[in-house]
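The data block below is model.cif; it holds mmCIF, C-alpha atoms.
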data_protein
#
loop_
_atom_site.label_atom_id
_atom_site.label_comp_id
_atom_site.auth_asym_id
_atom_site.auth_seq_id
_atom_site.Cartn_x
_atom_site.Cartn_y
_atom_site.Cartn_z
CA MET V 1 -52.41 10.98 -2.35
CA GLU V 2 -51.49 8.67 -5.16
CA SER V 3 -48.59 10.83 -6.26
CA GLU V 4 -47.30 10.90 -2.66
CA SER V 5 -47.16 7.11 -2.47
CA GLY V 6 -45.61 7.06 -5.95
CA ASP V 7 -42.86 9.45 -4.79
CA ARG V 8 -42.26 7.32 -1.72
CA ALA V 9 -41.98 4.16 -3.82
CA LEU V 10 -39.55 5.92 -6.17
CA LEU V 11 -37.44 7.11 -3.24
CA GLU V 12 -37.38 3.62 -1.72
CA ARG V 13 -36.33 2.17 -5.05
CA LYS V 14 -33.54 4.71 -5.39
CA VAL V 15 -32.33 4.13 -1.81
CA ARG V 16 -32.25 0.38 -2.50
CA ARG V 17 -30.34 1.02 -5.72
CA ALA V 18 -27.88 3.30 -3.87
CA PHE V 19 -27.25 0.54 -1.30
CA GLN V 20 -26.60 -2.04 -4.02
CA VAL V 21 -24.28 0.29 -5.90
CA LEU V 22 -22.30 1.04 -2.74
CA VAL V 23 -22.06 -2.46 -1.35
CA LEU V 24 -20.96 -4.28 -4.51
CA GLN V 25 -17.36 -3.70 -5.43
CA ARG V 26 -16.95 -2.73 -9.05
CA GLY V 27 -13.46 -2.05 -10.29
CA ARG V 28 -10.29 -2.27 -8.26
CA ASN V 29 -11.09 0.10 -5.42
CA PRO V 30 -14.14 0.12 -3.21
CA GLY V 31 -16.58 3.01 -3.25
CA VAL V 32 -18.40 4.90 -5.95
CA LYS V 33 -17.45 8.26 -7.45
CA GLY V 34 -19.88 11.20 -7.38
CA TRP V 35 -20.36 11.18 -11.15
CA GLU V 36 -21.26 7.48 -11.04
CA MET V 37 -23.78 8.13 -8.28
CA LYS V 38 -25.33 10.86 -10.41
CA ARG V 39 -25.62 8.41 -13.30
CA HIS V 40 -27.26 5.73 -11.17
CA LEU V 41 -29.51 7.89 -8.98
CA GLY V 42 -29.97 11.21 -10.76
CA ARG V 43 -28.97 14.75 -9.81
CA GLU V 44 -30.52 14.57 -6.35
CA TYR V 45 -28.24 11.70 -5.35
CA ARG V 46 -26.96 13.45 -2.20
CA LYS V 47 -30.47 13.44 -0.69
CA ILE V 48 -30.83 9.74 -1.44
CA ILE V 49 -27.45 9.08 0.15
CA GLU V 50 -28.55 10.97 3.28
CA VAL V 51 -31.69 8.79 3.53
CA LEU V 52 -29.63 5.64 2.99
CA SER V 53 -27.11 6.68 5.65
CA GLU V 54 -29.97 7.00 8.18
CA ASP V 55 -31.46 3.67 7.06
CA VAL V 56 -28.22 1.74 7.56
CA ALA V 57 -27.42 3.38 10.94
CA PRO V 58 -29.23 0.67 12.99
CA MET V 59 -26.92 -1.88 11.34
CA GLY V 60 -23.88 0.06 12.52
CA LEU V 61 -23.04 1.44 9.08
CA GLU V 62 -22.87 4.88 7.47
CA VAL V 63 -22.27 6.37 4.05
CA PHE V 64 -19.03 8.32 4.13
CA GLU V 65 -17.77 10.82 1.58
CA VAL V 66 -14.08 11.20 0.74
CA LYS V 67 -13.40 14.44 -1.10
CA GLY V 68 -11.47 14.08 -4.36
CA ALA V 69 -8.28 15.94 -5.25
CA ASP V 70 -10.09 18.85 -6.92
CA GLY V 71 -12.82 19.03 -4.26
CA SER V 72 -15.62 18.73 -6.83
CA ASP V 73 -18.79 16.69 -6.26
CA ASP V 74 -17.99 14.46 -9.22
CA SER V 75 -14.58 13.46 -7.88
CA SER V 76 -15.84 12.64 -4.36
CA ARG V 77 -15.87 8.96 -3.47
CA PHE V 78 -18.79 7.52 -1.49
CA LEU V 79 -18.31 4.45 0.68
CA LEU V 80 -20.30 2.36 3.06
CA ARG V 81 -18.30 1.98 6.26
CA PHE V 82 -18.62 0.93 9.90
CA ARG V 83 -20.17 3.73 11.97
CA ASP V 84 -18.26 2.62 15.08
CA SER V 85 -14.76 1.25 15.30
CA PRO V 86 -14.31 -2.51 15.77
CA THR V 87 -12.68 -3.86 18.92
CA VAL V 88 -9.09 -5.11 18.86
CA ASN V 89 -10.40 -8.68 19.15
CA GLU V 90 -12.69 -8.20 16.15
CA ALA V 91 -9.81 -6.77 14.13
CA GLU V 92 -7.63 -9.74 15.10
CA THR V 93 -10.26 -12.32 14.20
CA SER V 94 -10.60 -10.78 10.74
CA GLY V 95 -7.03 -11.95 10.09
CA ILE V 96 -5.19 -8.65 10.57
CA ARG V 97 -1.96 -8.82 12.56
CA ILE V 98 -1.51 -6.41 15.43
CA ASP V 99 2.07 -5.73 14.26
CA ASP V 100 0.81 -4.67 10.83
CA LEU V 101 -1.70 -2.27 12.36
CA ALA V 102 1.01 -0.83 14.59
CA VAL V 103 3.21 -0.18 11.53
CA LEU V 104 0.34 1.60 9.79
CA ALA V 105 -0.55 3.67 12.86
CA ALA V 106 3.06 4.78 13.32
CA THR V 107 3.44 5.58 9.61
CA ILE V 108 0.27 7.70 9.46
CA ALA V 109 1.31 9.63 12.58
CA PHE V 110 4.84 10.10 11.24
CA ILE V 111 3.62 11.36 7.84
CA ASN V 112 1.16 13.77 9.46
CA SER V 113 3.88 15.15 11.71
CA LYS V 114 6.03 15.81 8.63
CA SER V 115 3.38 17.99 6.99
CA GLY V 116 1.82 15.18 4.99
CA ARG V 117 4.82 14.00 2.95
CA VAL V 118 7.96 12.14 3.86
CA ALA V 119 10.62 10.14 2.01
CA ARG V 120 9.98 6.40 2.25
CA ARG V 121 13.57 5.77 3.34
CA GLU V 122 13.00 8.12 6.29
CA VAL V 123 9.86 6.20 7.32
CA GLU V 124 11.70 2.89 6.97
CA GLN V 125 14.58 4.14 9.07
CA PHE V 126 12.20 5.33 11.77
CA LEU V 127 10.11 2.16 11.82
CA ARG V 128 13.15 -0.13 11.94
CA GLU V 129 13.84 1.07 15.47
CA LYS V 130 10.68 -0.75 16.52
CA PHE V 131 9.97 -3.40 13.89
CA PRO V 132 12.14 -5.90 11.97
CA LYS V 133 13.25 -4.81 8.48
CA TRP V 134 11.25 -7.46 6.64
CA ARG V 135 8.02 -6.46 8.39
CA VAL V 136 8.58 -2.78 7.62
CA ASP V 137 9.18 -3.44 3.90
CA TYR V 138 6.34 -5.95 3.64
CA SER V 139 3.81 -3.79 5.49
CA LEU V 140 4.66 -0.57 3.65
CA ASP V 141 4.37 -2.29 0.26
CA ARG V 142 1.05 -3.84 1.27
CA TYR V 143 -0.40 -0.58 2.56
CA VAL V 144 0.66 1.27 -0.59
CA LYS V 145 -1.01 -1.45 -2.67
CA ARG V 146 -4.20 -1.27 -0.61
CA GLY V 147 -4.44 2.51 -0.82
CA TYR V 148 -3.75 3.32 2.84
CA LEU V 149 -0.52 5.03 1.79
CA ASP V 150 0.39 6.71 -1.43
CA GLN V 151 3.89 6.58 -2.88
CA ASP V 152 4.85 8.96 -5.70
CA ASP V 153 7.51 8.44 -8.35
CA ARG V 154 10.04 10.34 -6.23
CA GLY V 155 9.73 7.82 -3.41
CA MET V 156 7.74 10.14 -1.15
CA LEU V 157 4.99 8.69 1.01
CA HIS V 158 1.67 10.48 1.50
CA ILE V 159 -1.56 9.56 3.25
CA GLY V 160 -3.61 7.39 0.86
CA TRP V 161 -7.30 7.77 -0.03
CA ARG V 162 -8.21 4.69 1.99
CA THR V 163 -6.80 6.15 5.20
CA ARG V 164 -8.87 9.27 4.54
CA ALA V 165 -11.90 7.00 4.10
CA GLU V 166 -11.43 4.62 7.01
CA VAL V 167 -9.32 6.34 9.64
CA ASP V 168 -10.32 9.23 11.86
CA GLU V 169 -6.85 10.77 11.82
CA LYS V 170 -7.55 13.31 14.56
CA THR V 171 -8.65 10.54 16.92
CA LEU V 172 -5.59 8.50 16.00
CA MET V 173 -3.18 11.36 16.72
CA THR V 174 -4.94 12.17 20.01
CA MET V 175 -4.90 8.51 21.05
CA ILE V 176 -1.18 8.20 20.28
CA LEU V 177 -0.35 11.29 22.30
CA SER V 178 -2.50 10.31 25.28
CA ARG V 179 -1.41 6.65 25.27
CA ALA V 180 2.24 7.67 25.13
CA GLN V 181 1.72 9.82 28.24
CA GLU V 182 0.17 6.83 30.04
CA ALA V 183 3.05 4.60 28.91
CA ALA V 184 5.59 7.16 30.15
CA LYS V 185 3.89 7.33 33.58
CA LYS V 186 4.07 3.54 33.92
CA MET Z 187 31.06 30.07 -20.81
CA GLY Z 188 27.80 28.20 -21.57
CA GLN Z 189 28.20 25.99 -18.52
CA THR Z 190 28.90 28.92 -16.17
CA LYS Z 191 25.83 30.66 -17.50
CA LEU Z 192 23.72 27.62 -16.70
CA ASP Z 193 25.30 26.91 -13.31
CA ASP Z 194 22.79 29.09 -11.45
CA TYR Z 195 19.92 27.34 -13.23
CA LEU Z 196 21.27 23.90 -12.42
CA ARG Z 197 21.76 24.86 -8.80
CA VAL Z 198 18.15 26.07 -8.57
CA ILE Z 199 16.88 22.84 -10.15
CA GLU Z 200 18.99 20.69 -7.84
CA LEU Z 201 17.92 22.60 -4.74
CA CYS Z 202 14.23 22.25 -5.67
CA ARG Z 203 14.60 18.53 -6.36
CA ASP Z 204 16.35 18.00 -3.04
CA VAL Z 205 13.46 19.64 -1.23
CA GLU Z 206 10.89 17.67 -3.26
CA THR Z 207 12.49 14.33 -2.44
CA SER Z 208 12.91 14.90 1.27
CA SER Z 209 10.66 16.12 4.02
CA ALA Z 210 12.58 19.41 4.21
CA ASN Z 211 10.61 22.59 4.74
CA PRO Z 212 9.70 23.94 1.25
CA PHE Z 213 9.89 27.47 2.67
CA ASP Z 214 13.67 26.97 2.86
CA VAL Z 215 13.64 27.84 -0.84
CA ASP Z 216 13.44 31.61 -1.32
CA ILE Z 217 11.18 31.67 -4.39
CA ARG Z 218 11.39 35.43 -4.87
CA GLU Z 219 15.18 35.44 -4.82
CA LYS Z 220 15.39 32.52 -7.25
CA ILE Z 221 12.93 34.05 -9.70
CA LEU Z 222 14.85 37.34 -9.66
CA LEU Z 223 18.03 35.40 -10.39
CA LEU Z 224 16.41 33.58 -13.32
CA LYS Z 225 15.00 36.87 -14.62
CA GLN Z 226 18.43 38.46 -14.46
CA ARG Z 227 20.03 35.56 -16.34
CA LEU Z 228 17.32 35.16 -18.97
CA PRO Z 229 18.67 37.76 -21.51
CA GLU Z 230 21.96 35.81 -21.67
CA LEU Z 231 20.20 32.69 -22.93
CA LYS Z 232 20.16 32.27 -26.68
CA LEU Z 233 20.01 28.57 -27.51
CA LEU Z 234 16.88 26.46 -27.34
CA ASP Z 235 18.52 24.02 -24.91
CA GLU Z 236 19.37 26.89 -22.56
CA LEU Z 237 15.79 28.18 -22.70
CA LEU Z 238 14.56 24.68 -21.91
CA VAL Z 239 16.74 24.64 -18.79
CA ASP Z 240 15.18 27.96 -17.80
CA SER Z 241 11.65 26.55 -18.16
CA GLU Z 242 12.67 23.46 -16.21
CA ALA Z 243 13.91 25.66 -13.38
CA MET Z 244 10.61 27.57 -13.44
CA LEU Z 245 8.68 24.29 -13.33
CA GLU Z 246 10.66 23.12 -10.31
CA LEU Z 247 10.01 26.44 -8.54
CA ALA Z 248 6.30 26.03 -9.29
CA GLN Z 249 6.44 22.57 -7.67
CA ILE Z 250 7.98 24.14 -4.57
CA VAL Z 251 5.18 26.73 -4.44
CA LYS Z 252 2.69 23.85 -4.60
CA LEU Z 253 4.52 22.12 -1.74
CA GLN Z 254 4.50 25.34 0.28
CA ASP Z 255 0.73 25.50 -0.18
CA GLN Z 256 0.29 21.89 1.02
CA TRP Z 257 2.69 22.48 3.89
CA LEU Z 258 0.70 25.50 5.10
CA LYS Z 259 -2.60 23.61 4.85
CA GLN Z 260 -1.21 20.70 6.83
CA ARG Z 261 0.27 22.99 9.49
CA ALA Z 262 -3.05 24.80 9.81
CA SER Z 263 -4.94 21.53 10.29
CA ALA Z 264 -5.39 19.93 13.68
CA LEU Z 265 -3.31 16.97 12.47
CA TYR Z 266 -0.01 18.79 12.74
CA ILE Z 267 2.10 17.92 15.75
CA ASP Z 268 5.78 18.65 16.19
CA PRO Z 269 7.69 15.82 14.42
CA LEU Z 270 10.15 15.36 17.29
CA LEU Z 271 7.33 15.10 19.80
CA ILE Z 272 5.43 12.54 17.76
CA GLN Z 273 8.59 10.51 17.10
CA LEU Z 274 9.28 10.42 20.81
CA LYS Z 275 5.70 9.39 21.59
CA LEU Z 276 5.78 6.68 18.92
CA LYS Z 277 9.01 5.31 20.36
CA LEU Z 278 7.49 5.23 23.84
CA LEU Z 279 4.36 3.34 22.80
CA PRO Z 280 4.35 -0.46 22.79
CA LYS Z 281 3.11 -2.15 19.60
CA ASP Z 282 -0.21 -3.26 21.08
CA ALA Z 283 -1.00 0.28 22.26
CA LEU Z 284 -0.22 1.60 18.78
CA SER Z 285 -2.50 -0.93 17.12
CA GLU Z 286 -5.21 -0.24 19.69
CA ALA Z 287 -4.99 3.48 18.89
CA PHE Z 288 -5.41 2.61 15.23
CA VAL Z 289 -8.35 0.25 15.77
CA LYS Z 290 -10.18 2.85 17.89
CA SER Z 291 -9.99 5.37 15.09
CA TRP Z 292 -10.77 2.88 12.34
CA HIS Z 293 -14.05 2.56 10.42
CA PRO Z 294 -13.51 -0.31 7.95
CA ILE Z 295 -15.25 -0.17 4.60
CA ALA Z 296 -18.19 -2.56 4.20
CA GLN Z 297 -18.40 -4.18 0.82
CA ILE Z 298 -19.18 -7.42 -0.95
CA ASP Z 299 -16.68 -8.82 -3.38
CA GLN Z 300 -18.53 -11.32 -5.54
CA LEU Z 301 -19.19 -12.42 -9.06
CA SER Z 302 -22.11 -10.81 -10.81
CA PRO Z 303 -23.97 -12.42 -13.74
CA ARG Z 304 -22.35 -9.76 -15.96
CA GLY Z 305 -18.90 -10.68 -14.66
CA LEU Z 306 -19.57 -14.35 -15.31
CA GLU Z 307 -20.68 -13.60 -18.84
CA LYS Z 308 -17.53 -11.57 -19.49
CA ALA Z 309 -15.40 -14.40 -18.09
CA PHE Z 310 -17.18 -16.93 -20.29
CA VAL Z 311 -16.68 -14.83 -23.43
CA TYR Z 312 -13.01 -14.34 -22.54
CA TRP Z 313 -12.50 -18.08 -21.98
CA ARG Z 314 -14.33 -18.98 -25.19
CA GLU Z 315 -12.19 -16.63 -27.24
CA LEU Z 316 -8.89 -17.44 -25.54
CA THR Z 317 -6.46 -19.14 -27.93
CA PRO Z 318 -5.16 -22.48 -26.62
CA MET Z 319 -1.69 -22.35 -25.07
CA SER Z 320 -0.21 -24.46 -27.87
CA GLU Z 321 -1.39 -21.95 -30.49
CA ARG Z 322 -0.86 -18.70 -28.60
CA PHE Z 323 2.84 -18.02 -29.23
CA LYS Z 324 3.13 -20.01 -32.43
CA ASP Z 325 3.77 -16.89 -34.53
CA GLN Z 326 6.63 -15.63 -32.37
CA PHE Z 327 8.30 -18.85 -31.28
CA GLY Z 328 7.08 -21.62 -33.60
CA THR Z 329 5.81 -24.92 -32.30
CA TYR Z 330 9.05 -26.39 -30.97
CA GLY Z 331 8.75 -25.62 -27.31
CA VAL Z 332 9.67 -27.62 -24.26
CA GLY Z 333 6.96 -28.00 -21.69
CA PRO Z 334 7.54 -27.42 -17.98
CA GLY Z 335 9.44 -30.22 -16.26
CA VAL Z 336 11.40 -31.08 -13.15
CA VAL Z 337 15.00 -29.88 -12.67
CA GLU Z 338 17.00 -32.32 -10.60
CA TYR Z 339 19.87 -31.35 -8.31
CA THR Z 340 22.33 -33.14 -10.61
CA ASP Z 341 21.05 -31.08 -13.56
CA LEU Z 342 21.76 -27.87 -11.64
CA VAL Z 343 25.26 -29.06 -10.77
CA SER Z 344 25.93 -29.96 -14.40
CA LEU Z 345 24.58 -26.57 -15.53
CA GLY Z 346 26.97 -24.85 -13.13
CA VAL Z 347 24.20 -23.23 -11.06
CA PHE Z 348 25.57 -24.95 -7.95
CA THR Z 349 28.71 -26.82 -7.04
CA LYS Z 350 28.20 -29.66 -4.57
CA GLU Z 351 30.01 -27.73 -1.79
CA GLU Z 352 28.04 -24.56 -2.41
CA PHE Z 353 24.84 -26.52 -2.29
CA GLU Z 354 25.65 -28.16 1.05
CA ILE Z 355 26.79 -24.87 2.59
CA GLY Z 356 23.72 -23.08 1.25
CA LEU Z 357 21.44 -25.79 2.63
CA THR Z 358 23.01 -25.63 6.10
CA ARG Z 359 22.94 -21.85 6.13
CA LEU Z 360 19.27 -21.75 5.13
CA HIS Z 361 18.40 -24.39 7.73
CA ASP Z 362 20.11 -22.33 10.45
CA GLU Z 363 18.33 -19.19 9.28
CA LEU Z 364 14.97 -20.96 9.30
CA LEU Z 365 15.59 -22.38 12.78
CA GLN Z 366 16.50 -18.94 14.04
CA GLN Z 367 13.52 -17.20 12.45
CA SER Z 368 10.89 -19.77 13.29
CA ASN Z 369 12.18 -20.66 16.76
CA GLY Z 370 9.55 -23.37 17.13
CA GLU Z 371 6.80 -21.32 15.49
CA TRP Z 372 5.37 -21.11 11.99
CA VAL Z 373 6.81 -18.38 9.74
CA ASP Z 374 5.34 -17.06 6.51
CA TYR Z 375 6.83 -19.06 3.62
CA ARG Z 376 6.81 -16.18 1.14
CA GLN Z 377 8.41 -13.80 3.59
CA PHE Z 378 11.04 -16.38 4.37
CA ILE Z 379 12.05 -16.98 0.77
CA GLY Z 380 12.33 -13.20 0.55
CA ASN Z 381 11.62 -10.52 -1.96
CA ASP Z 382 15.11 -9.39 -3.00
CA SER Z 383 15.27 -10.66 -6.53
CA TYR Z 384 13.57 -13.36 -8.53
CA GLU Z 385 16.80 -15.39 -8.74
CA SER Z 386 17.40 -15.26 -4.99
CA LYS Z 387 13.77 -16.18 -4.31
CA VAL Z 388 13.92 -19.22 -6.60
CA ARG Z 389 17.26 -20.29 -5.10
CA ARG Z 390 15.93 -20.09 -1.54
CA ALA Z 391 12.69 -21.86 -2.48
CA TYR Z 392 14.69 -24.62 -4.16
CA LEU Z 393 16.93 -25.14 -1.13
CA LEU Z 394 13.94 -25.02 1.22
CA ALA Z 395 12.26 -27.74 -0.87
CA PHE Z 396 15.27 -29.96 -0.11
CA LEU Z 397 15.02 -29.24 3.62
CA LEU Z 398 11.32 -30.13 3.49
CA SER Z 399 11.94 -33.36 1.57
CA GLU Z 400 14.64 -34.34 4.05
CA GLY Z 401 12.28 -33.73 6.98
CA ARG Z 402 14.40 -30.90 8.39
CA ALA Z 403 11.52 -28.44 7.98
CA LEU Z 404 7.74 -28.52 7.91
CA LEU Z 405 5.25 -26.82 5.62
CA LYS Z 406 1.54 -26.17 6.00
CA THR Z 407 -0.91 -24.44 3.69
CA GLU Z 408 -4.15 -22.61 4.42
CA PRO Z 409 -6.29 -23.03 1.30
CA LEU Z 410 -8.85 -20.39 2.37
CA THR Z 411 -6.38 -17.57 2.89
CA GLY Z 412 -3.73 -18.86 0.50
CA LYS Z 413 -1.13 -18.51 3.25
CA ILE Z 414 1.79 -20.92 3.38
CA TRP Z 415 3.73 -21.47 6.59
CA THR Z 416 7.03 -23.18 7.27
CA MET Z 417 8.98 -24.17 10.37
CA GLY Z 418 12.53 -25.35 10.87
CA LEU Z 419 13.15 -28.58 12.82
CA VAL Z 420 16.25 -29.38 14.88
CA GLU Z 421 15.70 -33.11 14.48
CA LYS Z 422 14.59 -34.77 11.29
CA VAL Z 423 11.02 -36.06 11.21
CA LYS Z 424 10.28 -39.43 9.70
CA GLY Z 425 7.37 -40.23 7.43
CA THR Z 426 6.42 -39.94 3.80
CA PRO Z 427 6.55 -36.36 2.55
CA LYS Z 428 3.62 -35.11 0.51
CA SER Z 429 4.18 -33.14 -2.67
CA VAL Z 430 2.98 -29.51 -2.81
CA ALA Z 431 3.27 -27.22 -5.83
CA ILE Z 432 4.01 -23.59 -4.95
CA PRO Z 433 4.31 -21.10 -7.81
CA ILE Z 434 7.13 -18.59 -7.42
CA THR Z 435 6.49 -15.46 -9.41
CA GLY Z 436 8.60 -12.40 -9.95
CA ASP Z 437 6.15 -9.98 -8.28
CA SER Z 438 5.19 -11.65 -5.00
#

Take the structure from the file and write it as structure tokens.
Amino acid sequence: MESESGDRALLERKVRRAFQVLVLQRGRNPGVKGWEMKRHLGREYRKIIEVLSEDVAPMGLEVFEVKGADGSDDSSRFLLRFRDSPTVNEAETSGIRIDDLAVLAATIAFINSKSGRVARREVEQFLREKFPKWRVDYSLDRYVKRGYLDQDDRGMLHIGWRTRAEVDEKTLMTMILSRAQEAAKK
Amino acid sequence: MGQTKLDDYLRVIELCRDVETSSANPFDVDIREKILLLKQRLPELKLLDELLVDSEAMLELAQIVKLQDQWLKQRASALYIDPLLIQLKLKLLPKDALSEAFVKSWHPIAQIDQLSPRGLEKAFVYWRELTPMSERFKDQFGTYGVGPGVVEYTDLVSLGVFTKEEFEIGLTRLHDELLQQSNGEWVDYRQFIGNDSYESKVRRAYLLAFLLSEGRALLKTEPLTGKIWTMGLVEKVKGTPKSVAIPITGDS
């Protein structure tokens, strides 16, 4: 009986610790790598993360895992993110410009349609049909800096880790296709 | 002779690099054919430099194989849609519909960005051990330095940075540009001064400072977000201008 309550207390402590580790930004990028989680919470950290994800669900949050480049547990990045998407109004009130979001949406869709990699100059050329040059340059630089897009030394753009973490790409592509049909009908 | 021998290698390298730096289909490169060609040419290579070119060509072909792998994975995923179709759809969609599509598929990260006691301690130690400005570059530059000061318009003319005519023309041109861009609304100051080169940025900021002092433009700052806004005015405003210091750095 005593050991059961001891186990429960230990689990609660670890879940609390997991929450603190996830919510406080350490380093440049948000989120915590798998190996760090193991160090903070022990080998069974995935179970603790599962419990935490259920605990934060009533607050509209979830723990999300972004797989690393090599697909190993250690390289995965764990993040606390919104379970549901915000509304357009909420996004606007947080200081994000609709134009900037539109640039990002179009860029992600364009990169995905080009098998995940496309020359930056090609993206710029495409976006300039819809947005002014200065906004295209400014937004692309900003999204590369923030991790939504990734630019390699050959000037090729890829989808960044942050897009993988925050954006449901399938939903985005479906929405773009369906909205375009509606726009065409109008 | 040496160059002809290496021509095939150089062509392979160039072809691979072209594919790597564009969104061309990596399967356009026939790996098997290229490797057979390299294999056939290999016995002719004697010098170390030639062998290095051979290994470079092999490395480039390996990169193409990697791209082919990624390309297949992407095609097999549900995210692949014909590029022409998606380009057409993106062109059809208005900006607000695009941003709405993004917001509906967006799950922002929740995090707190704040100072921890450990961070404060590190900052304190750093500050305590930081050499004063006057001492910091003493070894390299000695102690005879000139502190920051104000450069007047006349100083710039005497230094040959501007002639009087150039200055007036530049001022008018910038005023017209600001009027056109702002069109009665606030525009981002940093975007307006541009990001082409440090020299151009400083020049535009300097000219804009004149327009502001003359009352031909307005400036407002948002201390919380750090944003600075400016607006061109057709008619000069009267009143006492306030002084604002805006750092212009090479990277922003």

Taking the file above as input, evaluate the PyMOL selection byres ((chain Z and resi 277) around 12) and report the hits as a PDB file with C-alpha atoms, in the frame of the given file.
ATOM      1  CA  ALA V 102       1.010  -0.830  14.590  1.00  0.00           C
ATOM      2  CA  VAL V 103       3.210  -0.180  11.530  1.00  0.00           C
ATOM      3  CA  ALA V 106       3.060   4.780  13.320  1.00  0.00           C
ATOM      4  CA  ALA V 109       1.310   9.630  12.580  1.00  0.00           C
ATOM      5  CA  PHE V 110       4.840  10.100  11.240  1.00  0.00           C
ATOM      6  CA  PHE V 126      12.200   5.330  11.770  1.00  0.00           C
ATOM      7  CA  LEU V 127      10.110   2.160  11.820  1.00  0.00           C
ATOM      8  CA  ARG V 128      13.150  -0.130  11.940  1.00  0.00           C
ATOM      9  CA  GLU V 129      13.840   1.070  15.470  1.00  0.00           C
ATOM     10  CA  LYS V 130      10.680  -0.750  16.520  1.00  0.00           C
ATOM     11  CA  PHE V 131       9.970  -3.400  13.890  1.00  0.00           C
ATOM     12  CA  ILE V 176      -1.180   8.200  20.280  1.00  0.00           C
ATOM     13  CA  LEU V 177      -0.350  11.290  22.300  1.00  0.00           C
ATOM     14  CA  ARG V 179      -1.410   6.650  25.270  1.00  0.00           C
ATOM     15  CA  ALA V 180       2.240   7.670  25.130  1.00  0.00           C
ATOM     16  CA  GLN V 181       1.720   9.820  28.240  1.00  0.00           C
ATOM     17  CA  ALA V 183       3.050   4.600  28.910  1.00  0.00           C
ATOM     18  CA  ALA V 184       5.590   7.160  30.150  1.00  0.00           C
TER      19      ALA V 184
ATOM     20  CA  LEU Z 270      10.150  15.360  17.290  1.00  0.00           C
ATOM     21  CA  LEU Z 271       7.330  15.100  19.800  1.00  0.00           C
ATOM     22  CA  ILE Z 272       5.430  12.540  17.760  1.00  0.00           C
ATOM     23  CA  GLN Z 273       8.590  10.510  17.100  1.00  0.00           C
ATOM     24  CA  LEU Z 274       9.280  10.420  20.810  1.00  0.00           C
ATOM     25  CA  LYS Z 275       5.700   9.390  21.590  1.00  0.00           C
ATOM     26  CA  LEU Z 276       5.780   6.680  18.920  1.00  0.00           C
ATOM     27  CA  LEU Z 278       7.490   5.230  23.840  1.00  0.00           C
ATOM     28  CA  LEU Z 279       4.360   3.340  22.800  1.00  0.00           C
ATOM     29  CA  PRO Z 280       4.350  -0.460  22.790  1.00  0.00           C
ATOM     30  CA  LYS Z 281       3.110  -2.150  19.600  1.00  0.00           C
ATOM     31  CA  ALA Z 283      -1.000   0.280  22.260  1.00  0.00           C
ATOM     32  CA  LEU Z 284      -0.220   1.600  18.780  1.00  0.00           C
TER      33      LEU Z 284
END

>> the PyMOL selection byres ((chain Z) within 9 of (chain V)) - which residues does that actually catch in the file I just gave you? List them as a PyMOL selection string.
In response: chain Z and resi 206-211+256-261+264-300+377+380-381

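Remark: for Arg46 of chain V, the closest of the candidate residues V:Ala69, V:Met59, V:Leu149, V:Ala18 is V:Ala18 (distances computed over all atoms listed in the file).
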
> What lies within 10 Å of Phe378 of chain Z using all atoms listed in the file, ignoring chain neighbours under 6 positions off, as an NGL selection string?
Replying inline: (:V and (134)) or (:Z and (360 or 363-364 or 367-368 or 387 or 390-391 or 394 or 415-416))

>> For Val15 of chain V, find every residue with an atom within 6 Å (counting all atoms listed in the file), except residues of its own chain fewer than 3 positions away, and show them as a list in words.
In response: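 Within the cut-off, the hits are Glu12, Ala18, Ile48 and Leu52 of chain V.
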
> Do you know which residues are at most 8 Å from Leu419 of chain Z counting only C-alpha atoms, after dropping those on the same chain fewer than 4 positions away, and could you put them as a list in words?
Replying inline: Leu365, Gly370, Gly401, Arg402, Ala403, Leu404 and Val423 of chain Z

>> What does the structure give for the distance between atom CA of Ser75 of chain V and atom CA of Gly34 of chain V, in Å to one decimal?
In response: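 If I compute the distance from atom CA of Ser75 of chain V to atom CA of Gly34 of chain V, I get 5.8 Å.
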
Output as a CSV table (one decimal), keeping the file's coordinate frame: segment 401-407 of chain Z, completed with N, CA and C atoms.
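Contents of result.csv, freshly written:
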chain,number,residue,atom,x,y,z
Z,401,GLY,N,12.9,-33.7,5.7
Z,401,GLY,CA,12.3,-33.7,7.0
Z,401,GLY,C,12.9,-32.8,8.0
Z,402,ARG,N,13.8,-31.8,7.5
Z,402,ARG,CA,14.4,-30.9,8.4
Z,402,ARG,C,13.6,-29.6,8.5
Z,403,ALA,N,12.4,-29.6,7.9
Z,403,ALA,CA,11.5,-28.4,8.0
Z,403,ALA,C,10.1,-28.9,7.7
Z,404,LEU,N,9.1,-28.2,8.2
Z,404,LEU,CA,7.7,-28.5,7.9
Z,404,LEU,C,7.1,-27.4,7.1
Z,405,LEU,N,6.0,-27.8,6.4
Z,405,LEU,CA,5.2,-26.8,5.6
Z,405,LEU,C,3.8,-27.1,5.8
Z,406,LYS,N,3.0,-26.0,6.0
Z,406,LYS,CA,1.5,-26.2,6.0
Z,406,LYS,C,0.9,-25.1,5.2
Z,407,THR,N,-0.2,-25.4,4.5
Z,407,THR,CA,-0.9,-24.4,3.7
Z,407,THR,C,-2.3,-24.2,4.2
